[in-house]
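File shown: input_26.pdb. Contents: PDB, C-alpha atoms.
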```
ATOM      1  CA  MET S   1      52.886 150.098  10.297
ATOM      2  CA  HIS S   2      52.590 147.959   7.198
ATOM      3  CA  ASP S   3      53.439 144.349   6.559
ATOM      4  CA  SER S   4      56.873 143.942   5.077
ATOM      5  CA  GLY S   5      56.093 141.025   2.786
ATOM      6  CA  PRO S   6      57.334 140.529  -0.773
ATOM      7  CA  PRO S   7      56.516 143.556  -2.888
ATOM      8  CA  HIS S   8      55.833 141.734  -6.120
ATOM      9  CA  ASN S   9      52.316 140.983  -7.225
ATOM     10  CA  GLY S  10      53.006 139.752 -10.732
ATOM     11  CA  HIS S  11      55.477 137.987 -12.906
ATOM     12  CA  SER S  12      58.742 139.071 -14.378
ATOM     13  CA  ALA S  13      59.244 139.756 -18.110
ATOM     14  CA  SER S  14      57.049 137.802 -20.516
ATOM     15  CA  GLU S  15      58.442 134.624 -22.033
ATOM     16  CA  SER S  16      58.926 136.190 -25.465
ATOM     17  CA  GLU S  17      61.176 138.998 -24.159
ATOM     18  CA  PRO S  18      64.635 138.756 -22.635
ATOM     19  CA  PRO S  19      64.554 139.056 -18.837
ATOM     20  CA  ILE S  20      65.231 142.518 -17.393
ATOM     21  CA  ASP S  21      67.376 142.793 -14.295
ATOM     22  CA  GLU S  22      65.055 144.096 -11.628
ATOM     23  CA  ILE S  23      65.462 147.256  -9.591
ATOM     24  CA  THR S  24      64.462 147.633  -5.954
ATOM     25  CA  CYS S  25      61.846 150.055  -4.640
ATOM     26  CA  GLN S  26      64.662 152.104  -3.091
ATOM     27  CA  GLN S  27      66.285 152.436  -6.520
ATOM     28  CA  PHE S  28      62.908 153.094  -8.136
ATOM     29  CA  VAL S  29      62.059 156.151  -6.018
ATOM     30  CA  GLU S  30      65.314 157.793  -7.127
ATOM     31  CA  LEU S  31      64.252 157.533 -10.780
ATOM     32  CA  VAL S  32      60.726 158.948 -10.631
ATOM     33  CA  THR S  33      61.484 162.490 -11.834
ATOM     34  CA  GLU S  34      63.708 161.236 -14.648
ATOM     35  CA  TYR S  35      60.852 158.887 -15.559
ATOM     36  CA  PHE S  36      58.329 161.756 -15.618
ATOM     37  CA  GLU S  37      60.742 163.917 -17.620
ATOM     38  CA  GLY S  38      61.343 161.249 -20.243
ATOM     39  CA  ALA S  39      65.047 161.331 -19.424
ATOM     40  CA  LEU S  40      65.696 157.633 -18.778
ATOM     41  CA  GLN S  41      67.841 155.488 -21.046
ATOM     42  CA  ALA S  42      65.924 152.687 -22.754
ATOM     43  CA  HIS S  43      67.229 149.956 -20.461
ATOM     44  CA  THR S  44      66.460 151.852 -17.241
ATOM     45  CA  LEU S  45      63.050 152.820 -18.615
ATOM     46  CA  SER S  46      62.297 149.119 -19.135
ATOM     47  CA  GLN S  47      63.376 148.411 -15.552
ATOM     48  CA  VAL S  48      61.145 151.172 -14.211
ATOM     49  CA  GLU S  49      58.127 150.086 -16.238
ATOM     50  CA  GLU S  50      58.664 146.463 -15.303
ATOM     51  CA  HIS S  51      58.885 147.448 -11.652
ATOM     52  CA  LEU S  52      55.620 149.378 -11.863
ATOM     53  CA  VAL S  53      53.858 146.343 -13.303
ATOM     54  CA  MET S  54      54.947 144.322 -10.297
ATOM     55  CA  CYS S  55      54.849 146.722  -7.357
ATOM     56  CA  ASP S  56      51.604 148.301  -6.181
ATOM     57  CA  TRP S  57      53.436 150.254  -3.491
ATOM     58  CA  CYS S  58      55.591 152.045  -6.024
ATOM     59  CA  VAL S  59      52.476 152.716  -8.120
ATOM     60  CA  THR S  60      51.076 154.424  -5.019
ATOM     61  CA  TYR S  61      54.357 156.331  -4.655
ATOM     62  CA  VAL S  62      54.134 157.543  -8.273
ATOM     63  CA  GLN S  63      50.502 158.582  -7.746
ATOM     64  CA  GLN S  64      51.545 160.584  -4.691
ATOM     65  CA  MET S  65      54.309 162.338  -6.637
ATOM     66  CA  GLN S  66      51.824 163.162  -9.412
ATOM     67  CA  ALA S  67      49.319 164.459  -6.850
ATOM     68  CA  THR S  68      52.052 166.585  -5.263
ATOM     69  CA  ILE S  69      52.893 168.141  -8.638
ATOM     70  CA  SER S  70      49.203 168.801  -9.378
ATOM     71  CA  SER S  71      48.787 170.427  -5.961
ATOM     72  CA  LEU S  72      51.775 172.683  -6.594
ATOM     73  CA  ARG S  73      50.092 173.932  -9.766
ATOM     74  CA  GLU S  74      47.166 175.046  -7.594
ATOM     75  CA  LEU S  75      49.495 177.393  -5.692
ATOM     76  CA  ARG S  76      49.922 179.559  -8.763
ATOM     77  CA  GLN S  77      48.648 183.060  -8.084
ATOM     78  CA  GLU S  78      45.975 184.030 -10.559
ATOM     79  CA  ARG S  79      46.070 187.684  -9.497
ATOM     80  CA  THR S  80      47.487 189.837 -12.300
ATOM     81  CA  PRO S  81      50.616 191.586 -11.041
ATOM     82  CA  GLU S  82      50.577 195.360 -11.474
ATOM     83  CA  PRO S  83      53.718 197.345 -12.313
ATOM     84  CA  PRO S  84      55.000 199.452  -9.392
ATOM     85  CA  ASP S  85      54.118 203.160  -9.567
ATOM     86  CA  PRO S  86      57.719 204.417 -10.038
ATOM     87  CA  VAL S  87      58.108 202.165 -13.087
ATOM     88  CA  LEU S  88      54.825 203.370 -14.595
ATOM     89  CA  ALA S  89      55.895 206.944 -13.905
ATOM     90  CA  ALA S  90      59.172 206.312 -15.765
ATOM     91  CA  LEU S  91      57.241 204.828 -18.697
ATOM     92  CA  ARG S  92      54.901 207.841 -18.827
ATOM     93  CA  ALA S  93      57.846 210.223 -18.614
ATOM     94  CA  ARG S  94      59.371 208.369 -21.527
ATOM     95  CA  ARG S  95      56.170 208.708 -23.573
ATOM     96  CA  GLU S  96      55.884 212.405 -22.780
ATOM     97  CA  GLY S  97      59.522 212.895 -23.689
ATOM     98  CA  GLU S  98      58.883 211.294 -27.068
ATOM     99  CA  ALA S  99      55.826 213.453 -27.738
TER     100      ALA S  99
ATOM    101  CA  MET D 100      70.798 170.381 -27.397
ATOM    102  CA  GLN D 101      70.411 173.784 -29.016
ATOM    103  CA  ALA D 102      70.165 176.527 -26.382
ATOM    104  CA  LYS D 103      67.087 178.694 -26.672
ATOM    105  CA  PRO D 104      66.477 182.095 -25.097
ATOM    106  CA  PRO D 105      64.210 182.151 -22.038
ATOM    107  CA  ALA D 106      60.704 182.244 -23.386
ATOM    108  CA  ALA D 107      58.807 183.745 -20.468
ATOM    109  CA  PRO D 108      58.842 187.389 -21.421
ATOM    110  CA  ALA D 109      59.022 186.630 -25.122
ATOM    111  CA  SER D 110      56.307 183.944 -25.301
ATOM    112  CA  THR D 111      53.618 186.370 -26.237
ATOM    113  CA  ALA D 112      51.230 187.259 -28.958
ATOM    114  CA  LEU D 113      53.632 190.078 -29.839
ATOM    115  CA  SER D 114      57.030 189.440 -31.415
ATOM    116  CA  ASP D 115      60.178 190.875 -29.822
ATOM    117  CA  GLU D 116      60.134 193.633 -32.437
ATOM    118  CA  GLN D 117      56.517 194.546 -31.697
ATOM    119  CA  THR D 118      57.121 194.484 -27.945
ATOM    120  CA  LEU D 119      60.200 196.656 -28.331
ATOM    121  CA  ALA D 120      58.376 199.163 -30.492
ATOM    122  CA  ALA D 121      55.550 199.304 -27.930
ATOM    123  CA  LEU D 122      57.979 199.801 -25.035
ATOM    124  CA  ARG D 123      59.930 202.477 -26.866
ATOM    125  CA  ALA D 124      56.678 204.286 -27.584
ATOM    126  CA  GLY D 125      55.738 204.070 -23.890
ATOM    127  CA  ASP D 126      52.682 201.907 -24.682
ATOM    128  CA  GLU D 127      51.285 201.320 -21.201
ATOM    129  CA  ARG D 128      48.963 198.479 -22.160
ATOM    130  CA  ALA D 129      51.720 196.478 -23.850
ATOM    131  CA  PHE D 130      53.981 197.207 -20.893
ATOM    132  CA  ARG D 131      51.420 196.035 -18.322
ATOM    133  CA  ASP D 132      50.937 192.845 -20.333
ATOM    134  CA  LEU D 133      54.677 192.128 -20.534
ATOM    135  CA  PHE D 134      55.079 192.925 -16.854
ATOM    136  CA  ALA D 135      52.242 190.602 -15.797
ATOM    137  CA  ARG D 136      53.573 187.711 -17.871
ATOM    138  CA  SER D 137      57.165 188.116 -16.756
ATOM    139  CA  TYR D 138      56.696 189.009 -13.108
ATOM    140  CA  PRO D 139      56.193 185.549 -11.501
ATOM    141  CA  MET D 140      59.278 184.065 -13.147
ATOM    142  CA  MET D 141      61.374 187.179 -12.469
ATOM    143  CA  LYS D 142      60.438 187.225  -8.808
ATOM    144  CA  ARG D 143      61.125 183.502  -8.380
ATOM    145  CA  VAL D 144      64.544 183.873  -9.978
ATOM    146  CA  ALA D 145      65.406 186.987  -7.958
ATOM    147  CA  ARG D 146      64.292 185.247  -4.774
ATOM    148  CA  ALA D 147      66.864 182.514  -5.389
ATOM    149  CA  TYR D 148      69.602 185.092  -4.853
ATOM    150  CA  VAL D 149      68.289 186.903  -1.786
ATOM    151  CA  ALA D 150      66.788 186.058   1.563
ATOM    152  CA  SER D 151      63.379 187.701   1.379
ATOM    153  CA  ASP D 152      60.403 188.277  -0.909
ATOM    154  CA  ALA D 153      60.631 192.002  -0.218
ATOM    155  CA  VAL D 154      64.181 192.260  -1.578
ATOM    156  CA  ALA D 155      63.234 190.061  -4.559
ATOM    157  CA  GLU D 156      60.405 192.512  -5.357
ATOM    158  CA  GLU D 157      62.860 195.371  -5.069
ATOM    159  CA  ILE D 158      65.166 193.648  -7.583
ATOM    160  CA  VAL D 159      62.298 193.149 -10.027
ATOM    161  CA  GLN D 160      61.356 196.820  -9.704
ATOM    162  CA  GLU D 161      64.960 197.929 -10.265
ATOM    163  CA  THR D 162      65.130 195.670 -13.301
ATOM    164  CA  TRP D 163      62.030 197.195 -14.855
ATOM    165  CA  MET D 164      63.307 200.687 -14.162
ATOM    166  CA  ALA D 165      66.521 199.750 -15.976
ATOM    167  CA  ILE D 166      64.501 198.307 -18.873
ATOM    168  CA  VAL D 167      62.212 201.322 -19.237
ATOM    169  CA  THR D 168      65.006 203.860 -19.008
ATOM    170  CA  GLY D 169      67.523 201.803 -20.997
ATOM    171  CA  ILE D 170      65.396 200.237 -23.724
ATOM    172  CA  ASP D 171      67.147 202.355 -26.368
ATOM    173  CA  ARG D 172      70.407 200.595 -25.486
ATOM    174  CA  PHE D 173      68.942 197.216 -26.429
ATOM    175  CA  GLU D 174      70.498 196.382 -29.775
ATOM    176  CA  GLY D 175      68.643 193.169 -30.512
ATOM    177  CA  ARG D 176      71.773 190.988 -30.460
ATOM    178  CA  SER D 177      70.004 188.622 -28.078
ATOM    179  CA  ALA D 178      66.332 187.829 -27.564
ATOM    180  CA  LEU D 179      64.474 190.444 -25.535
ATOM    181  CA  GLY D 180      63.833 187.871 -22.792
ATOM    182  CA  THR D 181      67.532 187.075 -22.535
ATOM    183  CA  TRP D 182      68.343 190.770 -22.194
ATOM    184  CA  ILE D 183      65.686 191.286 -19.507
ATOM    185  CA  PHE D 184      66.885 188.303 -17.479
ATOM    186  CA  SER D 185      70.524 189.309 -17.817
ATOM    187  CA  ILE D 186      69.634 192.640 -16.202
ATOM    188  CA  LEU D 187      67.636 190.835 -13.540
ATOM    189  CA  THR D 188      70.406 188.405 -12.631
ATOM    190  CA  ASN D 189      72.985 191.195 -12.525
ATOM    191  CA  GLN D 190      70.795 193.184 -10.145
ATOM    192  CA  ALA D 191      70.180 190.040  -8.107
ATOM    193  CA  LYS D 192      73.897 189.233  -7.894
ATOM    194  CA  THR D 193      74.610 192.736  -6.616
ATOM    195  CA  HIS D 194      72.041 192.301  -3.853
ATOM    196  CA  SER D 195      73.269 188.783  -3.172
ATOM    197  CA  ALA D 196      76.832 190.035  -2.694
ATOM    198  CA  ARG D 197      75.513 192.751  -0.358
ATOM    199  CA  GLU D 198      73.859 190.000   1.694
ATOM    200  CA  SER D 199      77.065 187.921   1.470
ATOM    201  CA  ARG D 200      75.169 185.006  -0.021
ATOM    202  CA  ALA D 201      76.643 182.463  -2.402
ATOM    203  CA  VAL D 202      75.523 182.668  -6.029
ATOM    204  CA  PRO D 203      72.874 179.960  -6.104
ATOM    205  CA  PHE D 204      73.171 178.128  -9.405
ATOM    206  CA  SER D 205      76.906 177.948  -9.978
ATOM    207  CA  CYS D 206      76.877 174.260  -9.061
ATOM    208  CA  VAL D 207      74.715 171.568  -7.525
ATOM    209  CA  ALA D 208      75.904 171.093  -3.972
ATOM    210  CA  PRO D 209      76.736 167.524  -2.926
ATOM    211  CA  SER D 210      73.891 167.654  -0.421
ATOM    212  CA  ASP D 211      71.419 168.083  -3.280
ATOM    213  CA  ALA D 212      72.746 165.093  -5.166
ATOM    214  CA  GLU D 213      73.256 162.756  -2.247
ATOM    215  CA  GLU D 214      70.161 163.372  -0.178
ATOM    216  CA  PRO D 215      67.968 160.228  -0.305
ATOM    217  CA  THR D 216      64.532 160.619  -1.864
ATOM    218  CA  VAL D 217      62.862 158.566   0.866
ATOM    219  CA  ASP D 218      64.053 157.847   4.396
ATOM    220  CA  PRO D 219      66.269 154.713   4.043
ATOM    221  CA  ASP D 220      64.658 153.261   7.176
ATOM    222  CA  ARG D 221      61.478 152.753   5.181
ATOM    223  CA  PHE D 222      63.172 150.064   3.080
ATOM    224  CA  GLN D 223      64.131 146.516   4.018
ATOM    225  CA  LYS D 224      67.743 145.970   5.019
ATOM    226  CA  ASP D 225      70.255 143.553   3.545
ATOM    227  CA  ASP D 226      69.364 140.812   6.028
ATOM    228  CA  ASP D 227      65.611 141.148   5.419
ATOM    229  CA  ALA D 228      63.667 139.001   2.962
ATOM    230  CA  TRP D 229      63.446 141.665   0.216
ATOM    231  CA  PRO D 230      66.394 144.037   0.583
ATOM    232  CA  GLY D 231      65.752 147.472  -0.904
ATOM    233  CA  HIS D 232      61.997 146.963  -1.162
ATOM    234  CA  TRP D 233      59.493 148.763   0.989
ATOM    235  CA  ALA D 234      59.369 147.925   4.694
ATOM    236  CA  THR D 235      56.982 150.806   5.398
ATOM    237  CA  PRO D 236      55.296 151.445   2.048
ATOM    238  CA  PRO D 237      53.290 154.555   1.193
ATOM    239  CA  ARG D 238      49.579 154.244   1.884
ATOM    240  CA  PRO D 239      47.181 155.430  -0.833
ATOM    241  CA  TRP D 240      45.778 158.857  -0.026
ATOM    242  CA  GLN D 241      42.031 158.756   0.500
ATOM    243  CA  LYS D 242      39.989 161.101  -1.727
ATOM    244  CA  PRO D 243      43.180 162.896  -2.805
ATOM    245  CA  GLU D 244      41.489 165.421  -5.141
ATOM    246  CA  ARG D 245      39.258 166.848  -2.422
ATOM    247  CA  ARG D 246      41.830 166.713   0.354
ATOM    248  CA  LEU D 247      44.694 168.162  -1.638
ATOM    249  CA  LEU D 248      42.534 171.106  -2.668
ATOM    250  CA  ALA D 249      41.539 171.808   0.950
ATOM    251  CA  LEU D 250      42.798 175.185   2.110
ATOM    252  CA  GLU D 251      44.720 173.730   5.040
ATOM    253  CA  THR D 252      46.585 171.259   2.808
ATOM    254  CA  ARG D 253      47.451 174.027   0.363
ATOM    255  CA  ASP D 254      48.738 176.189   3.207
ATOM    256  CA  ARG D 255      50.841 173.273   4.426
ATOM    257  CA  LEU D 256      52.268 172.723   0.946
ATOM    258  CA  LYS D 257      52.930 176.426   0.450
ATOM    259  CA  ALA D 258      54.814 176.616   3.743
ATOM    260  CA  ALA D 259      56.824 173.500   2.873
ATOM    261  CA  LEU D 260      57.731 174.972  -0.524
ATOM    262  CA  ALA D 261      58.904 178.178   1.141
ATOM    263  CA  GLN D 262      61.133 176.140   3.457
ATOM    264  CA  LEU D 263      62.893 174.172   0.720
ATOM    265  CA  PRO D 264      66.569 175.004   0.130
ATOM    266  CA  ASP D 265      66.842 178.016  -2.230
ATOM    267  CA  ARG D 266      67.732 176.154  -5.382
ATOM    268  CA  GLN D 267      65.190 173.383  -4.912
ATOM    269  CA  ARG D 268      62.482 175.950  -4.128
ATOM    270  CA  THR D 269      63.294 177.997  -7.216
ATOM    271  CA  ILE D 270      63.269 175.030  -9.579
ATOM    272  CA  VAL D 271      60.072 173.495  -8.139
ATOM    273  CA  ALA D 272      58.349 176.892  -8.232
ATOM    274  CA  LEU D 273      59.377 177.612 -11.826
ATOM    275  CA  ARG D 274      58.554 174.123 -13.091
ATOM    276  CA  ASP D 275      55.570 172.981 -11.061
ATOM    277  CA  VAL D 276      53.929 176.173  -9.783
ATOM    278  CA  GLU D 277      54.535 178.501 -12.734
ATOM    279  CA  GLY D 278      54.593 175.730 -15.340
ATOM    280  CA  HIS D 279      57.774 176.611 -17.222
ATOM    281  CA  SER D 280      59.550 173.965 -19.285
ATOM    282  CA  ALA D 281      62.820 172.318 -18.306
ATOM    283  CA  GLU D 282      64.503 173.979 -21.299
ATOM    284  CA  GLU D 283      63.374 177.474 -20.276
ATOM    285  CA  VAL D 284      64.521 176.993 -16.703
ATOM    286  CA  CYS D 285      67.902 175.537 -17.690
ATOM    287  CA  ASP D 286      68.587 178.317 -20.195
ATOM    288  CA  LEU D 287      67.530 181.013 -17.783
ATOM    289  CA  LEU D 288      69.572 179.767 -14.836
ATOM    290  CA  GLY D 289      72.507 178.332 -16.758
ATOM    291  CA  LEU D 290      71.835 174.860 -15.382
ATOM    292  CA  SER D 291      72.410 171.526 -17.070
ATOM    293  CA  GLN D 292      69.324 169.368 -17.613
ATOM    294  CA  GLU D 293      70.776 166.813 -15.218
ATOM    295  CA  ASN D 294      71.319 169.305 -12.389
ATOM    296  CA  GLN D 295      67.883 170.773 -12.951
ATOM    297  CA  ARG D 296      66.360 167.297 -12.584
ATOM    298  CA  VAL D 297      68.332 166.585  -9.400
ATOM    299  CA  LEU D 298      67.041 169.781  -7.776
ATOM    300  CA  LEU D 299      63.496 169.220  -9.033
ATOM    301  CA  HIS D 300      63.520 165.647  -7.784
ATOM    302  CA  ARG D 301      64.814 166.515  -4.329
ATOM    303  CA  GLY D 302      62.329 169.349  -3.958
ATOM    304  CA  ARG D 303      59.320 167.347  -5.135
ATOM    305  CA  SER D 304      60.316 164.393  -2.973
ATOM    306  CA  ARG D 305      60.496 166.525   0.163
ATOM    307  CA  LEU D 306      57.101 168.034  -0.590
ATOM    308  CA  ARG D 307      55.538 164.611  -1.184
ATOM    309  CA  ALA D 308      56.916 163.519   2.186
ATOM    310  CA  VAL D 309      55.376 166.568   3.876
ATOM    311  CA  LEU D 310      51.986 165.844   2.311
ATOM    312  CA  GLU D 311      52.285 162.167   3.206
ATOM    313  CA  GLU D 312      53.031 162.955   6.831
ATOM    314  CA  TYR D 313      50.154 165.429   6.999
ATOM    315  CA  LEU D 314      47.568 163.262   5.224
ATOM    316  CA  ASP D 315      48.577 160.048   7.011
ATOM    317  CA  ALA D 316      48.291 161.791  10.381
ATOM    318  CA  ALA D 317      44.828 163.027   9.430
ATOM    319  CA  ASP D 318      43.779 159.437   8.568
ATOM    320  CA  VAL D 319      44.689 158.031  11.990
TER     321      VAL D 319
END
```
Would you mind writing the file out in structure tokens?
Amino acid sequence: MHDSGPPHNGHSASESEPPIDEITCQQFVELVTEYFEGALQAHTLSQVEEHLVMCDWCVTYVQQMQATISSLRELRQERTPEPPDPVLAALRARREGEA
Amino acid sequence: MQAKPPAAPASTALSDEQTLAALRAGDERAFRDLFARSYPMMKRVARAYVASDAVAEEIVQETWMAIVTGIDRFEGRSALGTWIFSILTNQAKTHSARESRAVPFSCVAPSDAEEPTVDPDRFQKDDDAWPGHWATPPRPWQKPERRLLALETRDRLKAALAQLPDRQRTIVALRDVEGHSAEEVCDLLGLSQENQRVLLHRGRSRLRAVLEEYLDAADV
């Protein structure tokens, strides 16, 4: 079990920029795939990036999602699939028919 | 966005015209190459419609038989890949109807859209100090590269992928295992980008949770 203290470890928007309304971690985790896919609107993207600056736990969450995606890539079968015999036979019959 | 034909079978060194000419001439080498490149995506798509890998393989075989014997009927009005996948999905729908299964990608079921990404109990409640923020945050995985490549972890992930709901499994497999683009997958399955992302997100999130549970338990 972890401590349930405040999640923020930094400051909000810099003084030169207008403040961005913050999102919660629970809202953040719903946006991760849209974030990866580059599908977020500019305002939501700012909220997500601001949240990541402030929340180490959500950075960990993002790293775990990235690691999950990388691991899935490793499941790809490198074995070259071979056409079934009946299909090859049909192809050869076709070639012989042409000849 | 402009719709593009599925690129899997067509994304090749050969153009559609060259591939067609090779197939019509019964060129076995060109055929084996096209088959090998197309097979993973075809099987994943077929599997979305039916309950077993064996039937999905049967559908792929039937599709190739139809292509080899019917290639002269291809008039080039669509991309070759589009034609191949239209045959595949028709074959798959026939099998799906025989199994009395619902056609998988006609809509995104409410359960896909509403399912929370992370167990809500892991977040602080309204009367806590930081509502909506982590109560039980994720713990960094130790030596993730080595542990995620371990055979046992891969087996666990593979089993979890196989157990995902059909549509989530198909999208995750096409995007993350086979490496196809969002555009290819949406065009092929007739899905909107938004629905594709919902399914991808739900699938990935479930798999992350499985890995988290497994790796956290191993750390205790």
Problem - Hits of the PyMOL selection byres ((chain D) within 7 of (chain S)) in this structure, as a PyMOL selection string - result: chain D and resi 124-125+131+134-135+138+160+163-164+167+216+222+229+231-237+239+247+275-277+296+300+307
Exercise for the section: Name the residues that the PyMOL selection byres ((chain D and resi 279) around 12) pulls out of this structure, and write them as JSON, numbers by chain. Expected result: {"S": [73, 76], "D": [105, 106, 107, 108, 110, 136, 137, 139, 140, 143, 269, 270, 271, 272, 273, 274, 275, 276, 277, 278, 280, 281, 282, 283, 284, 285, 286, 287]}
Handout entry: Protein/DNA/RNA residues near (67.6, 182.5, 0.1), cut 9 Å, all atoms listed in the file, as a PyMOL selection string
Key = chain D and resi 146-151+200+203+264-266
Could you list, as a PDB file with C-alpha atoms, in the frame of the given file, every residue within 9 Å of segment 183-194 of chain D, counting all atoms listed in the file and ignoring same-chain residues fewer than 2 positions away?
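Listed below is the output, part-v6.pdb:
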```pdb
ATOM      1  CA  PRO D 105      64.210 182.151 -22.038  1.00  0.00           C
ATOM      2  CA  PRO D 108      58.842 187.389 -21.421  1.00  0.00           C
ATOM      3  CA  MET D 141      61.374 187.179 -12.469  1.00  0.00           C
ATOM      4  CA  VAL D 144      64.544 183.873  -9.978  1.00  0.00           C
ATOM      5  CA  ALA D 145      65.406 186.987  -7.958  1.00  0.00           C
ATOM      6  CA  ARG D 146      64.292 185.247  -4.774  1.00  0.00           C
ATOM      7  CA  ALA D 147      66.864 182.514  -5.389  1.00  0.00           C
ATOM      8  CA  TYR D 148      69.602 185.092  -4.853  1.00  0.00           C
ATOM      9  CA  VAL D 149      68.289 186.903  -1.786  1.00  0.00           C
ATOM     10  CA  VAL D 154      64.181 192.260  -1.578  1.00  0.00           C
ATOM     11  CA  ALA D 155      63.234 190.061  -4.559  1.00  0.00           C
ATOM     12  CA  ILE D 158      65.166 193.648  -7.583  1.00  0.00           C
ATOM     13  CA  VAL D 159      62.298 193.149 -10.027  1.00  0.00           C
ATOM     14  CA  GLU D 161      64.960 197.929 -10.265  1.00  0.00           C
ATOM     15  CA  THR D 162      65.130 195.670 -13.301  1.00  0.00           C
ATOM     16  CA  TRP D 163      62.030 197.195 -14.855  1.00  0.00           C
ATOM     17  CA  ALA D 165      66.521 199.750 -15.976  1.00  0.00           C
ATOM     18  CA  ILE D 166      64.501 198.307 -18.873  1.00  0.00           C
ATOM     19  CA  ALA D 178      66.332 187.829 -27.564  1.00  0.00           C
ATOM     20  CA  LEU D 179      64.474 190.444 -25.535  1.00  0.00           C
ATOM     21  CA  GLY D 180      63.833 187.871 -22.792  1.00  0.00           C
ATOM     22  CA  THR D 181      67.532 187.075 -22.535  1.00  0.00           C
ATOM     23  CA  ALA D 196      76.832 190.035  -2.694  1.00  0.00           C
ATOM     24  CA  ARG D 197      75.513 192.751  -0.358  1.00  0.00           C
ATOM     25  CA  GLU D 198      73.859 190.000   1.694  1.00  0.00           C
ATOM     26  CA  SER D 199      77.065 187.921   1.470  1.00  0.00           C
ATOM     27  CA  ARG D 200      75.169 185.006  -0.021  1.00  0.00           C
ATOM     28  CA  VAL D 202      75.523 182.668  -6.029  1.00  0.00           C
ATOM     29  CA  LEU D 287      67.530 181.013 -17.783  1.00  0.00           C
ATOM     30  CA  LEU D 288      69.572 179.767 -14.836  1.00  0.00           C
TER      31      LEU D 288
END
```
